[in-house]
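> After the structure tokens below, expect a handful of questions from me.
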Amino acid sequence: MIRCSKLCVTYLAGGVHHRCIHKQPILRTWACHTLFQQHENRSIVKLLAAHFGTEPIKSTQLSALGVELNPNDTFGLIANQHNIKVFSHPQDDDTTKYVKRCQEKSAFWYHVRCKKLARQGKIDECVKLFEKNMLEEDKVQPQEYNFSVVIGALGRAGDVRRALKMFKKAKEYGLTPSLPCYTGIFNAFCNAHNGKDVEILRRFYEKVKVKKIPLNRISYNALLKAYASHTSLQETMSVFRDSLAAGIEPDIITFTNLISACESDKENGFRHACQVWKRMICFGCYPAPQTLVQLLRVVLRCNIGDLELANKVLLQNGADATDIQEIMKNNFRQFRWLKGQESSPKNSKPLENTSPDLLMLTALPASDTKGLLEHDKQEVNIKKNDLKLSETSGNDAVAAVGNVPSLLQTGAKSALVAITECPKPADRFSLIGGLDGVLDIMKKYKIPASAKLLSAIAQVLGQTDDEENKLMTYAEKSGAKLDVDFYNCILYKRAKRYYYTGSLEVIERLKVNGLVPSYRTWCIQALLCRNYQKGRELLEGFKKENIEPDLILFHTLIIAALKNPKNLTIRGYTDVRSPDYEYLIYIIKQLMDYKIKANEDLVRLLEKAANWPEGYSRWKVCDPKFEKRFLRFRRAYKQWLNNADVIVN
């Protein structure tokens, strides 16, 4: 048997102890094993003397062990006699045990420990272990995988400066950064909150293109996400075309990043997002939950742009799935995601000769309408929440999602041929099928319902109770793990309509599903407390639930009191109304009881209420009852202001 420890090697076949010259334990064991296999007919003692150049232990010293040295002995006989395994491979692949077999404080030893710290989110400790302990104190020669782990950790934290510093340091050590290093740099730009690093990102990518570094799909997706987060849609599309020219086949993550990039174009983003969605289906990529969430965010924040261009681009007979599949077959590399295998590019025609419309995603200006296909379809008027289909469309209308007309359809014929103004998110939501259309998309592509997705749908719903109740019913029956934020979205929509009874129903359904209203829930409910009775009920409920109100809640109550459309009338004036001063006095007393520290915004609101209403002139027409209420509020406000602690911004 051969046993390689840190200090020596034990040769039981000859009973000889000798120091091993190899540094790594596995290398020592393998070298000694190979040595014995090459010299089976030689004496173990003579073999060691010849190989290591030292005098072996004398045979007389081994007699006490009962070992006889025989020149004809072969390796392993004595080990077999004592039932000792010559080599034993560890059955478990535990990383910690594997590191113990390696030399302590080697490059791999530090690699495992840095990786463990990175997984725990201890970024500073990971960088300190690598820079100070490994490089400065122990002076261990780093390997490329050491830098990959540290750069990856800094990338997930969005630390661009330190990630680039590590990237340069890897080159100083004569190492060639691998693709994980580049992916980590791109992730750092993506997760960075500082938009000032955009120029650094552009210069870094230009260097990558000049050096012709072949990026893979993961690297390109990280780069696309970085560009989508901090640059314009045009630049993101340029990176996407570079990936197509490099033979990278796009996946669902690629198209999700492209839809996310459409959000940067507030004027035309909705039109571009619909184009990306259509081409995504043609490429054979089916939407994931995050893809649908990004599309709904674009619906919420972006407009459709020029209507004439939108009608021509979104309602034309674009490339079908067969043409797209032909491009994929001829140009994209077939990836084999197996360790140790590389992707093999196909010999094919370059993508430069392909039609731009087929590869889509060129943001055409409003004046450039050349090359767009003409169409002759039945007339449909889409305005606000109404979708009206012509009677002649019949069975020829092909909808991508159920029977609901939608701009997301990819068939050769479309049931929608005319688009009118869509200024509100609910109008644009109707263009992609509304609630029924989105639910059909989820059913068709087997997208599981989640609290995040349902909240995104709730934000773009129309201002109707039926749709809100339908969505809540679907969410409760879908088995998704709902959270308070989903119900808060519904509650906020009803608060904007001043639907007080409906808001109480939402809070009741929230409690039935085992959820506890958050503080944001009560702040939204405070928007509906526009009179004294409702405000008092809310604050008394806080006392019963042992909830401590803060400045934000009282600020919301004052706004609700001042914006009450049913404010009190003033005798002798038809267009002049006064706020409910009794309600404002009650709020001021609560501010004093809870010892709330006011800020400038709250004082500004009360100062506005302390002025005479606009249009009221006590010297022309006087209302004694109104003036009595008004002066009583002024005294309460002045008393509170003299004793209040005001936080100056």
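Ordered as shown in the structure tokens, chains take letters A, B, and onward, while each chain numbers its residues from 1 and ligands are numbered from 1 in the order shown.
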Residues near A:Arg604, anyone? I mean within 12 Å using only C-alpha atoms, not counting same-chain ones fewer than 3 positions away, as a PyMOL selection string.

chain A and resi 555+558-559+598-601+607-611+637+641+646+648

> If you run DSSP on the backbone here, which positions in stretch 415-603 of chain A get strand (DSSP E)? Please write them as a list in words.

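Of stretch 415-603 of chain A, the ones in strand (DSSP E) are Leu568, Thr569, Arg577, Ser578, Ala598 and Asn599 of chain A.
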
> Using only C-alpha atoms, which protein or nucleic acid residues come within 12 Å of A:Arg297? Drop anything in the same chain fewer than 5 positions from it, and give the result as an MDAnalysis selection string.

chainID A and resid 256 259:264 266 269:270 273 290:292 302:303 425 428:429 452:453 455:460

> Can you check which residues of stretch 465-557 of chain A DSSP gives as alpha helix (DSSP H) on the backbone and send them as a PyMOL selection string?

chain A and resi 465-477+484-496+500-512+519-526+532-544+551-557

> Of the candidates A:Ile213, A:Ala188, A:Ala288, A:Leu515, which shows the shortest atom-to-atom distance to A:Thr176, using only C-alpha atoms?

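Using only C-alpha atoms, A:Thr176 sits closest to A:Ile213.
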
> So, counting only C-alpha atoms, which residue among A:Arg497, A:Lys589, A:Arg509, A:Lys444 is closest to A:Asp483?

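Closest to A:Asp483 of all the choices is A:Arg509.
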